[in-house]
file final27.txt (compact mmCIF, C-alpha atoms and all ligand atoms)
# COMPACT_ATOMS: atom_id res chain seq x y z
CA MET I 264 18.23 -57.50 -24.66
CA THR I 265 16.35 -54.61 -26.24
CA THR I 266 15.34 -51.65 -24.08
CA SER I 267 11.99 -50.13 -24.98
CA VAL I 268 11.76 -46.34 -24.88
CA LEU I 269 8.51 -44.46 -25.30
CA VAL I 270 8.95 -40.83 -26.34
CA LEU I 271 5.90 -38.58 -26.00
CA GLY I 272 6.05 -35.61 -28.37
CA ALA I 273 8.06 -35.26 -31.58
CA GLY I 274 9.24 -31.68 -31.19
CA PHE I 275 12.84 -30.53 -30.70
CA GLY I 276 13.26 -32.74 -27.63
CA GLY I 277 11.54 -35.89 -28.88
CA LEU I 278 13.18 -35.78 -32.31
CA GLU I 279 16.69 -35.30 -30.95
CA LEU I 280 16.27 -37.97 -28.29
CA SER I 281 14.91 -40.57 -30.72
CA THR I 282 17.59 -39.82 -33.32
CA ARG I 283 20.44 -40.02 -30.85
CA LEU I 284 19.23 -43.28 -29.31
CA SER I 285 18.86 -44.81 -32.75
CA GLU I 286 22.33 -43.62 -33.85
CA GLU I 287 24.07 -44.76 -30.69
CA LEU I 288 22.28 -47.98 -29.83
CA GLY I 289 20.85 -49.45 -33.02
CA ASP I 290 19.10 -52.73 -32.27
CA LEU I 291 19.73 -52.42 -28.54
CA VAL I 292 16.82 -50.00 -28.37
CA ALA I 293 13.23 -49.96 -29.64
CA VAL I 294 11.93 -46.39 -29.68
CA THR I 295 8.27 -45.51 -30.12
CA LEU I 296 7.73 -41.82 -30.84
CA ILE I 297 4.17 -40.48 -30.55
CA ASP I 298 2.80 -37.13 -31.71
CA ARG I 299 -0.70 -35.97 -32.57
CA ALA I 300 0.60 -33.83 -35.45
CA ASP I 301 1.68 -35.06 -38.87
CA ALA I 302 4.57 -32.60 -39.17
CA PHE I 303 7.15 -30.64 -37.18
CA VAL I 304 7.59 -26.89 -37.63
CA PHE I 305 10.53 -24.88 -36.23
CA GLY I 306 9.24 -22.13 -33.91
CA PHE I 307 11.10 -19.46 -35.87
CA SER I 308 9.41 -20.58 -39.10
CA LYS I 309 6.18 -19.07 -37.76
CA LEU I 310 7.75 -15.61 -38.17
CA ASP I 311 8.56 -16.48 -41.80
CA VAL I 312 4.93 -17.53 -42.34
CA MET I 313 3.54 -14.42 -40.63
CA PHE I 314 5.61 -12.05 -42.77
CA GLY I 315 4.83 -13.99 -45.95
CA LYS I 316 8.43 -15.14 -46.50
CA ARG I 317 7.53 -18.83 -46.62
CA THR I 318 4.32 -20.77 -47.05
CA PRO I 319 2.98 -23.02 -44.27
CA GLY I 320 3.49 -25.99 -46.59
CA ALA I 321 7.17 -25.13 -47.06
CA VAL I 322 7.93 -25.06 -43.33
CA ARG I 323 6.22 -28.35 -42.45
CA LEU I 324 8.61 -31.26 -41.96
CA ARG I 325 6.47 -34.35 -42.31
CA TYR I 326 6.96 -37.17 -39.83
CA ARG I 327 6.48 -39.67 -42.63
CA ASP I 328 9.95 -38.53 -43.80
CA LEU I 329 11.61 -39.37 -40.48
CA ALA I 330 15.02 -40.74 -41.32
CA THR I 331 15.70 -42.65 -38.13
CA PRO I 332 15.88 -46.44 -38.16
CA HIS I 333 14.85 -48.22 -34.93
CA VAL I 334 12.21 -45.53 -34.34
CA ARG I 335 8.55 -46.31 -34.84
CA PHE I 336 6.48 -43.14 -35.29
CA ARG I 337 2.80 -43.14 -34.35
CA GLN I 338 0.53 -40.23 -35.20
CA GLU I 339 -1.84 -40.47 -32.25
CA THR I 340 -3.19 -38.21 -29.54
CA ILE I 341 -2.06 -39.09 -26.03
CA THR I 342 -5.06 -39.17 -23.73
CA ALA I 343 -3.59 -40.50 -20.46
CA ILE I 344 -0.17 -41.00 -18.88
CA ASP I 345 0.35 -43.28 -15.87
CA PRO I 346 3.93 -42.44 -14.83
CA ALA I 347 4.06 -45.02 -12.02
CA ALA I 348 3.26 -47.86 -14.45
CA ARG I 349 5.03 -46.15 -17.42
CA ARG I 350 1.80 -46.76 -19.30
CA VAL I 351 0.42 -44.39 -21.93
CA THR I 352 -3.00 -44.39 -23.54
CA THR I 353 -3.68 -42.80 -26.91
CA ASP I 354 -6.60 -42.64 -29.28
CA GLY I 355 -4.93 -45.56 -31.04
CA GLY I 356 -3.97 -47.90 -28.22
CA THR I 357 -1.96 -48.47 -25.04
CA TYR I 358 1.82 -48.52 -24.68
CA GLU I 359 4.19 -49.61 -21.92
CA ALA I 360 7.95 -49.23 -21.90
CA ASP I 361 11.12 -49.64 -19.85
CA VAL I 362 11.76 -45.91 -20.14
CA LEU I 363 9.26 -43.11 -20.67
CA VAL I 364 10.32 -39.62 -21.80
CA VAL I 365 7.78 -36.79 -21.76
CA ALA I 366 8.57 -34.10 -24.35
CA LEU I 367 5.08 -32.71 -24.91
CA GLY I 368 6.03 -29.01 -24.97
CA ALA I 369 3.71 -26.18 -23.97
CA ASP I 370 0.15 -25.60 -25.18
CA TYR I 371 -1.46 -22.20 -25.69
CA ASP I 372 -4.40 -21.03 -23.58
CA VAL I 373 -5.87 -18.27 -25.74
CA ALA I 374 -9.06 -18.23 -23.64
CA ALA I 375 -7.03 -17.24 -20.55
CA THR I 376 -6.79 -13.74 -22.04
CA PRO I 377 -10.34 -12.44 -22.44
CA GLY I 378 -10.84 -10.72 -25.79
CA LEU I 379 -7.68 -12.11 -27.41
CA ALA I 380 -9.57 -14.45 -29.74
CA GLU I 381 -12.16 -11.79 -30.71
CA ALA I 382 -10.06 -8.66 -30.99
CA GLY I 383 -6.47 -9.81 -31.47
CA HIS I 384 -4.24 -12.43 -33.04
CA GLU I 385 -1.71 -14.85 -31.64
CA PHE I 386 1.27 -15.68 -33.83
CA TYR I 387 2.72 -18.60 -31.85
CA SER I 388 0.87 -21.31 -33.79
CA VAL I 389 1.10 -21.89 -37.54
CA ALA I 390 -2.63 -21.14 -37.85
CA GLY I 391 -2.20 -17.88 -35.94
CA ALA I 392 0.82 -16.85 -38.03
CA GLU I 393 -1.16 -17.67 -41.17
CA SER I 394 -4.11 -15.52 -40.12
CA LEU I 395 -1.77 -12.59 -39.44
CA ARG I 396 -0.11 -13.09 -42.81
CA ASP I 397 -3.54 -12.46 -44.36
CA VAL I 398 -4.22 -9.38 -42.21
CA LEU I 399 -0.84 -7.61 -42.37
CA PRO I 400 -0.97 -6.53 -46.04
CA SER I 401 -4.08 -4.42 -45.39
CA PHE I 402 -2.71 -2.84 -42.18
CA ARG I 403 -1.61 0.65 -43.16
CA THR I 404 -2.21 2.98 -40.25
CA GLY I 405 -2.71 3.00 -36.49
CA THR I 406 -1.09 1.28 -33.53
CA ALA I 407 0.29 -2.25 -33.56
CA ILE I 408 1.03 -3.88 -30.20
CA VAL I 409 3.21 -6.93 -29.82
CA GLY I 410 2.07 -8.10 -26.40
CA VAL I 411 2.97 -10.92 -24.02
CA CYS I 412 -0.05 -12.30 -22.14
CA GLY I 413 1.78 -14.50 -19.64
CA ALA I 414 5.15 -15.86 -18.54
CA PRO I 415 6.85 -18.21 -19.02
CA PHE I 416 6.58 -18.10 -22.79
CA LYS I 417 8.57 -19.69 -25.61
CA CYS I 418 11.64 -17.99 -27.01
CA PRO I 419 11.91 -14.86 -24.84
CA PRO I 420 13.51 -12.76 -27.65
CA ALA I 421 10.58 -13.53 -30.04
CA PRO I 422 8.41 -10.47 -29.16
CA SER I 423 11.39 -8.16 -29.80
CA GLU I 424 12.26 -9.91 -33.07
CA THR I 425 8.64 -9.64 -34.14
CA ALA I 426 8.56 -5.88 -33.54
CA ILE I 427 11.78 -5.41 -35.53
CA LEU I 428 10.47 -7.56 -38.41
CA LEU I 429 7.13 -5.74 -38.33
CA ASP I 430 8.95 -2.43 -38.63
CA GLU I 431 10.89 -3.80 -41.60
CA HIS I 432 7.72 -5.15 -43.22
CA LEU I 433 5.91 -1.80 -42.88
CA ARG I 434 8.93 0.13 -44.19
CA ALA I 435 9.10 -2.09 -47.24
CA ARG I 436 5.47 -1.21 -47.93
CA GLY I 437 6.09 2.52 -47.40
CA VAL I 438 3.58 2.86 -44.54
CA ARG I 439 5.85 2.80 -41.48
CA ASP I 440 5.47 6.51 -40.69
CA ARG I 441 1.72 6.01 -40.26
CA VAL I 442 2.09 3.17 -37.74
CA ARG I 443 3.03 3.21 -34.04
CA ILE I 444 4.64 -0.01 -32.75
CA GLN I 445 4.64 -0.90 -29.06
CA VAL I 446 6.10 -3.98 -27.36
CA VAL I 447 4.69 -5.09 -23.99
CA ILE I 448 6.95 -7.55 -22.15
CA PRO I 449 6.74 -8.79 -18.54
CA PHE I 450 10.51 -8.34 -18.03
CA GLY I 451 12.42 -5.16 -17.24
CA THR I 452 14.63 -5.63 -20.30
CA PRO I 453 14.13 -7.57 -23.55
CA VAL I 454 16.59 -10.38 -22.66
CA PRO I 455 17.30 -10.16 -18.89
CA PRO I 456 20.26 -12.60 -18.70
CA SER I 457 22.27 -10.53 -21.18
CA PRO I 458 22.47 -6.74 -20.63
CA ALA I 459 24.47 -6.38 -23.87
CA THR I 460 21.74 -8.15 -25.86
CA SER I 461 19.05 -6.01 -24.24
CA GLU I 462 21.03 -2.82 -24.96
CA ALA I 463 21.40 -3.77 -28.62
CA ILE I 464 17.68 -4.52 -28.93
CA LEU I 465 16.72 -1.27 -27.17
CA ALA I 466 19.14 0.66 -29.42
CA LYS I 467 17.45 -0.92 -32.44
CA PHE I 468 14.04 -0.04 -31.00
CA GLY I 469 15.21 3.57 -30.55
CA GLU I 470 16.55 3.74 -34.10
CA ARG I 471 13.28 2.30 -35.45
CA SER I 472 10.89 4.27 -33.18
CA ILE I 473 9.59 1.08 -31.54
CA GLU I 474 8.21 1.81 -28.07
CA PHE I 475 9.14 -0.55 -25.26
CA VAL I 476 6.69 -1.12 -22.38
CA PRO I 477 8.70 -3.16 -19.84
CA GLY I 478 7.56 -5.08 -16.76
CA ARG I 479 3.98 -5.44 -17.96
CA ARG I 480 1.72 -8.25 -19.14
CA VAL I 481 -1.45 -7.98 -21.23
CA THR I 482 -4.30 -9.47 -19.16
CA ALA I 483 -7.21 -8.79 -21.55
CA LEU I 484 -8.25 -7.09 -24.77
CA ASP I 485 -11.37 -4.97 -24.75
CA PRO I 486 -13.12 -5.70 -28.07
CA ALA I 487 -15.49 -2.74 -27.61
CA THR I 488 -12.80 -0.08 -27.23
CA HIS I 489 -9.92 -1.89 -28.94
CA GLU I 490 -7.68 -1.46 -25.91
CA ALA I 491 -5.15 -3.82 -24.37
CA VAL I 492 -5.56 -4.00 -20.61
CA LEU I 493 -2.26 -4.37 -18.75
CA ASP I 494 -1.66 -6.02 -15.36
CA ASP I 495 -1.47 -2.59 -13.66
CA GLY I 496 -4.86 -1.59 -15.11
CA ALA I 497 -3.39 0.71 -17.78
CA ARG I 498 -5.14 0.61 -21.17
CA LEU I 499 -3.31 0.89 -24.49
CA PRO I 500 -5.40 1.51 -27.62
CA PHE I 501 -4.51 -0.69 -30.60
CA ASP I 502 -5.55 -1.30 -34.18
CA LEU I 503 -3.61 -4.55 -34.56
CA PHE I 504 -2.66 -6.84 -31.66
CA LEU I 505 -0.02 -9.51 -32.15
CA GLY I 506 -0.16 -11.62 -29.02
CA ILE I 507 1.94 -14.20 -27.26
CA PRO I 508 -0.74 -16.29 -25.53
CA VAL I 509 -0.60 -17.74 -22.02
CA HIS I 510 1.32 -21.04 -22.08
CA ARG I 511 0.44 -24.13 -20.07
CA ALA I 512 1.46 -27.78 -19.92
CA PRO I 513 -0.77 -29.98 -22.11
CA ALA I 514 -3.92 -31.06 -20.25
CA VAL I 515 -2.85 -34.72 -20.40
CA VAL I 516 0.29 -33.81 -18.44
CA GLU I 517 -1.67 -31.82 -15.86
CA ALA I 518 -3.98 -34.82 -15.35
CA SER I 519 -1.10 -37.30 -15.01
CA GLY I 520 0.19 -36.14 -11.65
CA LEU I 521 3.57 -35.38 -13.21
CA ALA I 522 3.20 -31.58 -13.03
CA GLU I 523 3.62 -29.38 -9.97
CA GLY I 524 2.98 -25.65 -10.18
CA GLY I 525 2.00 -26.04 -13.83
CA TRP I 526 5.11 -27.78 -15.21
CA ILE I 527 7.00 -31.05 -14.64
CA PRO I 528 9.73 -30.74 -12.01
CA VAL I 529 12.90 -32.68 -12.92
CA ASP I 530 16.37 -33.20 -11.52
CA LYS I 531 18.16 -30.39 -13.30
CA HIS I 532 21.22 -32.47 -14.12
CA THR I 533 19.60 -35.79 -15.11
CA LEU I 534 16.10 -34.64 -16.23
CA ALA I 535 14.64 -37.51 -14.17
CA THR I 536 11.16 -37.03 -12.72
CA ARG I 537 10.22 -38.41 -9.32
CA PHE I 538 8.91 -41.57 -11.05
CA PRO I 539 11.56 -44.28 -11.71
CA GLY I 540 12.35 -44.64 -15.42
CA VAL I 541 10.41 -41.49 -16.32
CA TYR I 542 12.20 -38.40 -17.69
CA ALA I 543 10.89 -35.08 -18.99
CA VAL I 544 12.66 -32.65 -21.32
CA GLY I 545 11.99 -29.26 -22.86
CA ASP I 546 9.17 -26.77 -22.56
CA VAL I 547 6.97 -29.09 -20.50
CA THR I 548 9.42 -28.94 -17.56
CA SER I 549 10.34 -26.36 -14.94
CA VAL I 550 14.06 -27.23 -15.22
CA GLY I 551 15.07 -23.56 -15.04
CA THR I 552 16.07 -22.83 -18.63
CA PRO I 553 13.98 -20.81 -21.11
CA LYS I 554 11.32 -22.48 -23.20
CA ALA I 555 13.30 -22.74 -26.42
CA GLY I 556 14.10 -25.49 -28.88
CA VAL I 557 17.85 -25.38 -28.33
CA PHE I 558 17.33 -26.08 -24.63
CA SER I 559 14.84 -28.90 -25.30
CA GLU I 560 17.34 -30.43 -27.68
CA GLY I 561 20.22 -30.07 -25.20
CA ALA I 562 18.21 -31.72 -22.43
CA ALA I 563 17.20 -34.56 -24.79
CA ARG I 564 20.87 -35.20 -25.61
CA VAL I 565 21.64 -35.57 -21.91
CA VAL I 566 18.83 -38.11 -21.37
CA ALA I 567 19.94 -40.03 -24.46
CA ASP I 568 23.56 -40.10 -23.24
CA GLN I 569 22.48 -41.45 -19.85
CA LEU I 570 20.42 -44.22 -21.45
CA VAL I 571 23.27 -45.10 -23.82
CA ALA I 572 25.74 -45.29 -20.91
CA ARG I 573 23.37 -47.40 -18.84
CA ILE I 574 22.58 -49.82 -21.65
CA ARG I 575 26.25 -50.14 -22.61
CA GLY I 576 27.35 -50.43 -18.97
CA ALA I 577 29.55 -47.31 -19.30
CA SER I 578 30.17 -44.67 -16.63
CA GLU I 579 27.64 -41.89 -16.03
CA PRO I 580 28.02 -39.06 -18.61
CA PRO I 581 28.12 -35.36 -17.66
CA GLY I 582 24.78 -33.89 -16.56
CA TYR I 583 22.74 -31.12 -18.19
CA ASP I 584 24.58 -27.78 -18.03
CA GLY I 585 21.69 -25.42 -18.83
CA THR I 586 23.47 -23.64 -21.67
CA GLY I 587 22.16 -22.76 -25.11
CA SER I 588 22.29 -20.21 -27.93
CA CYS I 589 19.34 -18.20 -29.15
CA TRP I 590 19.24 -16.35 -32.45
CA ILE I 591 17.58 -12.97 -32.73
CA GLU I 592 16.35 -11.52 -36.03
CA PHE I 593 17.52 -7.89 -36.35
CA GLY I 594 16.07 -7.06 -39.76
CA ASP I 595 18.06 -6.32 -42.93
CA ARG I 596 18.77 -10.07 -43.12
CA GLU I 597 20.99 -9.84 -40.06
CA VAL I 598 20.74 -12.10 -37.04
CA ALA I 599 22.34 -11.71 -33.60
CA ARG I 600 23.10 -14.49 -31.14
CA VAL I 601 23.03 -14.73 -27.37
CA ASP I 602 24.81 -17.63 -25.66
CA VAL I 603 23.15 -18.13 -22.30
CA ASP I 604 24.20 -20.11 -19.24
CA PHE I 605 21.47 -20.77 -16.68
CA PHE I 606 23.19 -23.05 -14.20
CA SER I 607 26.80 -21.96 -13.58
CA THR I 608 25.81 -19.19 -11.17
CA PRO I 609 22.57 -20.34 -9.50
CA GLY I 610 19.86 -17.70 -9.69
CA HIS I 611 21.94 -15.48 -11.98
CA PRO I 612 21.81 -16.57 -15.61
CA THR I 613 24.39 -14.92 -17.81
CA GLY I 614 24.53 -14.30 -21.55
CA THR I 615 27.14 -13.33 -24.12
CA PHE I 616 26.04 -11.26 -27.09
CA THR I 617 27.21 -11.64 -30.69
CA ALA I 618 26.28 -8.58 -32.77
CA PRO I 619 23.91 -8.96 -35.73
CA SER I 620 25.52 -10.01 -38.99
CA GLY I 621 24.93 -11.93 -42.18
CA ARG I 622 27.35 -14.54 -40.90
CA THR I 623 25.19 -15.28 -37.85
CA ALA I 624 22.13 -15.37 -40.13
CA ALA I 625 23.92 -18.09 -42.11
CA GLU I 626 24.67 -19.93 -38.86
CA LYS I 627 20.95 -19.91 -37.98
CA ALA I 628 20.09 -21.20 -41.45
CA GLU I 629 22.65 -23.97 -41.03
CA PHE I 630 21.11 -24.90 -37.67
CA ALA I 631 17.78 -25.52 -39.42
CA THR I 632 19.34 -27.28 -42.42
CA SER I 633 21.31 -29.65 -40.22
CA ARG I 634 18.19 -30.64 -38.22
CA ARG I 635 16.20 -31.20 -41.40
CA ALA I 636 18.95 -33.50 -42.65
CA ARG I 637 19.61 -35.28 -39.36
CA TRP I 638 16.02 -35.87 -38.29
CA PHE I 639 14.21 -36.06 -41.63
CA GLY I 640 16.89 -36.97 -44.17
CA LEU I 641 16.02 -33.85 -46.18
CA SER I 642 18.54 -31.79 -48.12
CA GLY I 643 18.37 -28.04 -48.79
CA ASP I 644 16.48 -25.47 -46.72
C1 LIG I 701 7.50 -17.54 -32.87
C2 LIG I 701 8.46 -18.50 -32.21
C3 LIG I 701 9.82 -18.36 -32.43
C4 LIG I 701 10.72 -19.25 -31.83
N1 LIG I 701 12.06 -19.12 -32.08
C5 LIG I 701 12.93 -19.98 -31.52
C6 LIG I 701 14.32 -19.87 -31.79
O1 LIG I 701 14.77 -19.02 -32.56
N2 LIG I 701 15.15 -20.76 -31.19
C7 LIG I 701 14.68 -21.73 -30.34
O2 LIG I 701 15.48 -22.51 -29.81
N3 LIG I 701 13.37 -21.84 -30.04
C8 LIG I 701 12.49 -21.00 -30.63
N4 LIG I 701 11.15 -21.11 -30.35
C9 LIG I 701 10.69 -22.05 -29.29
C10 LIG I 701 10.64 -23.49 -29.74
O3 LIG I 701 9.83 -23.65 -30.89
C11 LIG I 701 10.08 -24.36 -28.61
O4 LIG I 701 10.64 -23.97 -27.39
C12 LIG I 701 10.40 -25.82 -28.88
O5 LIG I 701 9.63 -26.27 -29.96
C13 LIG I 701 10.16 -26.69 -27.66
O6 LIG I 701 10.54 -28.00 -27.95
P1 LIG I 701 9.86 -29.22 -27.15
O7 LIG I 701 10.42 -30.46 -27.74
O8 LIG I 701 10.00 -29.01 -25.69
O9 LIG I 701 8.30 -29.08 -27.48
P2 LIG I 701 7.59 -28.96 -28.91
O10 LIG I 701 8.57 -28.70 -29.99
O11 LIG I 701 6.48 -27.99 -28.72
O12 LIG I 701 7.00 -30.42 -29.15
C14 LIG I 701 5.95 -30.93 -28.37
C15 LIG I 701 5.18 -31.91 -29.24
O13 LIG I 701 4.20 -32.59 -28.42
C16 LIG I 701 3.05 -32.81 -29.21
N5 LIG I 701 1.89 -33.00 -28.32
C17 LIG I 701 1.45 -32.16 -27.35
N6 LIG I 701 0.38 -32.70 -26.74
C18 LIG I 701 0.15 -33.91 -27.32
C19 LIG I 701 -0.80 -34.96 -27.09
N7 LIG I 701 -1.74 -34.89 -26.13
N8 LIG I 701 -0.72 -36.07 -27.88
C20 LIG I 701 0.23 -36.17 -28.84
N9 LIG I 701 1.16 -35.21 -29.09
C21 LIG I 701 1.12 -34.10 -28.33
C22 LIG I 701 2.93 -31.55 -30.07
O14 LIG I 701 2.19 -31.81 -31.25
C23 LIG I 701 4.40 -31.23 -30.36
O15 LIG I 701 4.83 -31.73 -31.61
C24 LIG I 701 10.23 -20.27 -30.97
C25 LIG I 701 8.85 -20.42 -30.78
C26 LIG I 701 7.97 -19.57 -31.39
C27 LIG I 701 6.50 -19.78 -31.19
call {"tool": "encode", "arguments": {"input": "final27.txt", "output": "structure tokens"}}
result
Amino acid sequence: MTTSVLVLGAGFGGLELSTRLSEELGDLVAVTLIDRADAFVFGFSKLDVMFGKRTPGAVRLRYRDLATPHVRFRQETITAIDPAARRVTTDGGTYEADVLVVALGADYDVAATPGLAEAGHEFYSVAGAESLRDVLPSFRTGTAIVGVCGAPFKCPPAPSETAILLDEHLRARGVRDRVRIQVVIPFGTPVPPSPATSEAILAKFGERSIEFVPGRRVTALDPATHEAVLDDGARLPFDLFLGIPVHRAPAVVEASGLAEGGWIPVDKHTLATRFPGVYAVGDVTSVGTPKAGVFSEGAARVVADQLVARIRGASEPPGYDGTGSCWIEFGDREVARVDVDFFSTPGHPTGTFTAPSGRTAAEKAEFATSRRARWFGLSGD
């Protein structure tokens, strides 16, 4: 008998889940993978686009190249999810399945930060990164703020990486001494679970004259005065604002009854929702790990392993352990790594730091290359 699995969202979570089910189960499973987009883009590729290192076309991995047999991809927009019936409506039809996995990620709510659209830029979408790529070359003097508008947000080290890469970009153009860079983050340190990582980032900030404004969130931009308004009322003047917008679950998830407090609650070991046969993985959940691709992928592997065991009649596999590794760009073609563990000591995530090096940069490149090959059958980078 074939088990039907409907996977909503072809990001890190949806791609890994579909690939693993196809590899492990072959004809025993019929996977339908739905995404409104025609291509996948790694989150970190947006930094490459913003700093003009790669073109948007070069970082798009087209779903038409998906290399997975037993997976049917549909480019459609999901308009309704009925988790009790495991029924999904899209602009192209209606689907029902034995198992439903929601991997719809996090959307950006630019309008939640008044003034952001008029006076600033977000760099978390490809379009936003592209618009900054066009603005950066003419930015020569003044204050640049890298500011977080709300938590949780994807890839907690990304604002720090962006400031370091901005410094490098301005140095290369010989205008760094005319620019002030400030980073506004709602945490006390850049990467709270790992004091060693935070110390290394703050040391780099010190070395590069990047100012760190901890424990603060940008609530609005004032287009008249060109000031960022912080959550304590303080105002920081800026000439260029690079923003991390407020994140929220996609509207279709909010309307489905799956979300509570903004995100989908799941059993943290099995990723099961409260609806039988319905799982959720990745950024769309409140599982307790950061919103990052490596965690979405790890959670997807756990759901896949459970389905494989169930379909094959094998014993229950180990549950999700809440661990993952994040890379951090340090400039000069060096990348650091932090290995984080969110579940071993409840309430106290821990992280181990690996200092920046060319070797870790190669490891990050290999991470991307291996996913391109595994999910899309593409060689090279
Ligand atoms: C600048 C930046 C740097 C980053 N760096 C890293 C990094 O170094 N390492 C790391 O691990 N993570 C990084 N991330 C985070 C990472 O990209 C995300 O956390 C990851 O993509 C989440 O995976 P996901 O599968 O949960 O969701 P996503 O990858 O966001 O996938 C969700 C999918 O659902 C689709 N979708 C949403 N709504 C609908 C709908 N209604 N109908 C149809 N389809 C829909 C979307 O099109 C999308 O393809 C970075 C992110 C950014 C922005």
call {"tool": "residues_near_ligand", "arguments": {"input": "final27.txt", "ligand": "ligand LIG 701 (chain I)", "cutoff": "7 Å", "atoms": "all atoms listed in the file", "output": "ChimeraX atom specification"}}
result
/I:271-277,297-300,303,305-307,309-310,339-342,366-369,386-388,417-418,421,513,515,544-547,554-560,589-591
call {"tool": "closest_atom_pairs", "arguments": {"input": "final27.txt", "of": "stretch 374-412 of chain I", "to": "stretch 462-477 of chain I", "cutoff": "12 Å", "atoms": "only C-alpha atoms", "output": "tab-separated table"}}
result
residue	atom	partner	partner_atom	distance
I:Thr406	CA	I:Glu474	CA	10.8
I:Ala407	CA	I:Ile473	CA	10.1
I:Ile408	CA	I:Glu474	CA	9.4
I:Val409	CA	I:Phe475	CA	9.8
I:Gly410	CA	I:Val476	CA	9.3
I:Val411	CA	I:Pro477	CA	10.5
call {"tool": "atom_distance", "arguments": {"input": "final27.txt", "atom1": "atom CA of I:Lys531", "atom2": "atom CA of I:Gly551"}}
result
7.7 Å
call {"tool": "closest_residue", "arguments": {"input": "final27.txt", "among": "I:Ala414, I:Ala360, I:Ala572, I:Ala459", "to": "I:Ala599", "atoms": "all atoms listed in the file"}}
result
I:Ala459
call {"tool": "closest_residue", "arguments": {"input": "final27.txt", "among": "I:Gly576, I:Gly506, I:Pro619, I:Gly289", "to": "I:Leu484", "atoms": "all atoms listed in the file"}}
result
I:Gly506
call {"tool": "residues_around", "arguments": {"input": "final27.txt", "residues": "I:Leu329", "least_positions_apart": "4", "cutoff": "8 Å", "atoms": "all atoms listed in the file", "output": "tab-separated table (two decimals) with C-alpha atoms, in the frame of the given file"}}
result
chain	number	residue	atom	x	y	z
I	325	ARG	CA	6.47	-34.35	-42.31
I	638	TRP	CA	16.02	-35.87	-38.29
I	639	PHE	CA	14.21	-36.06	-41.63
I	640	GLY	CA	16.89	-36.97	-44.17
call {"tool": "residues_near_point", "arguments": {"input": "final27.txt", "point": "(-1.1, -44.7, -20.9)", "cutoff": "8 Å", "atoms": "all atoms listed in the file", "output": "NGL selection string"}}
result
:I and (341-345 or 349-353 or 357-359)
call {"tool": "atom_distance", "arguments": {"input": "final27.txt", "atom1": "atom CA of I:Pro319", "atom2": "atom CA of I:His432"}}
result
18.5 Å
call {"tool": "atom_distance", "arguments": {"input": "final27.txt", "atom1": "atom CA of I:Ser401", "atom2": "atom CA of I:Arg596"}}
result
23.6 Å
call {"tool": "residues_around", "arguments": {"input": "final27.txt", "residues": "I:Arg327", "least_positions_apart": "3", "cutoff": "9 Å", "atoms": "only C-alpha atoms", "output": "PDB file with C-alpha atoms, keeping the file's coordinate frame"}}
result
ATOM      1  CA  ASP I 301       1.680 -35.060 -38.870  1.00  0.00           C
ATOM      2  CA  ALA I 302       4.570 -32.600 -39.170  1.00  0.00           C
ATOM      3  CA  LEU I 324       8.610 -31.260 -41.960  1.00  0.00           C
ATOM      4  CA  ALA I 330      15.020 -40.740 -41.320  1.00  0.00           C
ATOM      5  CA  PHE I 336       6.480 -43.140 -35.290  1.00  0.00           C
ATOM      6  CA  PHE I 639      14.210 -36.060 -41.630  1.00  0.00           C
TER       7      PHE I 639
END
call {"tool": "closest_residue", "arguments": {"input": "final27.txt", "among": "I:Pro456, I:Gly355, I:Pro612, I:Gly437", "to": "I:Arg403", "atoms": "all atoms listed in the file"}}
result
I:Gly437
call {"tool": "closest_residue", "arguments": {"input": "final27.txt", "among": "I:Gly621, I:Pro377, I:Gly315, I:Gly643", "to": "I:Val492", "atoms": "all atoms listed in the file"}}
result
I:Pro377
call {"tool": "residues_around", "arguments": {"input": "final27.txt", "residues": "I:Val438", "least_positions_apart": "2", "cutoff": "12 Å", "atoms": "all atoms listed in the file", "output": "number ranges by chain"}}
result
I: 399-405, 429-436, 440-443
call {"tool": "axis_aligned_box", "arguments": {"input": "final27.txt", "around": "stretch 541-547 of chain I", "padding_each_side": "6 Å", "output": "lines of an AutoDock Vina configuration file"}}
result
center_x = 9.8
center_y = -34.1
center_z = -19.6
size_x = 17.7
size_y = 26.7
size_z = 18.5
call {"tool": "closest_residue", "arguments": {"input": "final27.txt", "among": "I:Val454, I:Ala497, I:Leu505, I:Val364", "to": "I:Leu395", "atoms": "only C-alpha atoms"}}
result
I:Leu505
call {"tool": "residues_around", "arguments": {"input": "final27.txt", "residues": "I:Phe616", "least_positions_apart": "2", "cutoff": "8 Å", "atoms": "only C-alpha atoms", "output": "list in words"}}
result
Ser457, Ala459, Thr460, Ala599, Arg600, Val601, Asp602, Gly614 and Ala618 of chain I
call {"tool": "write_last_selection", "arguments": {"input": "final27.txt", "atoms": "C-alpha atoms", "output": "PDB file, in the frame of the given file"}}
result
ATOM      1  CA  SER I 457      22.270 -10.530 -21.180  1.00  0.00           C
ATOM      2  CA  ALA I 459      24.470  -6.380 -23.870  1.00  0.00           C
ATOM      3  CA  THR I 460      21.740  -8.150 -25.860  1.00  0.00           C
ATOM      4  CA  ALA I 599      22.340 -11.710 -33.600  1.00  0.00           C
ATOM      5  CA  ARG I 600      23.100 -14.490 -31.140  1.00  0.00           C
ATOM      6  CA  VAL I 601      23.030 -14.730 -27.370  1.00  0.00           C
ATOM      7  CA  ASP I 602      24.810 -17.630 -25.660  1.00  0.00           C
ATOM      8  CA  GLY I 614      24.530 -14.300 -21.550  1.00  0.00           C
ATOM      9  CA  ALA I 618      26.280  -8.580 -32.770  1.00  0.00           C
TER      10      ALA I 618
END
call {"tool": "residues_around", "arguments": {"input": "final27.txt", "residues": "stretch 567-571 of chain I", "least_positions_apart": "5", "cutoff": "9 Å", "atoms": "only C-alpha atoms", "output": "list in words"}}
result
Glu279, Leu280, Ser281, Arg283, Leu284, Glu287, Leu288, Val362, Thr533, Ala562, Gly576, Ala577, Ser578, Glu579, Pro580, Pro581 and Gly582 of chain I
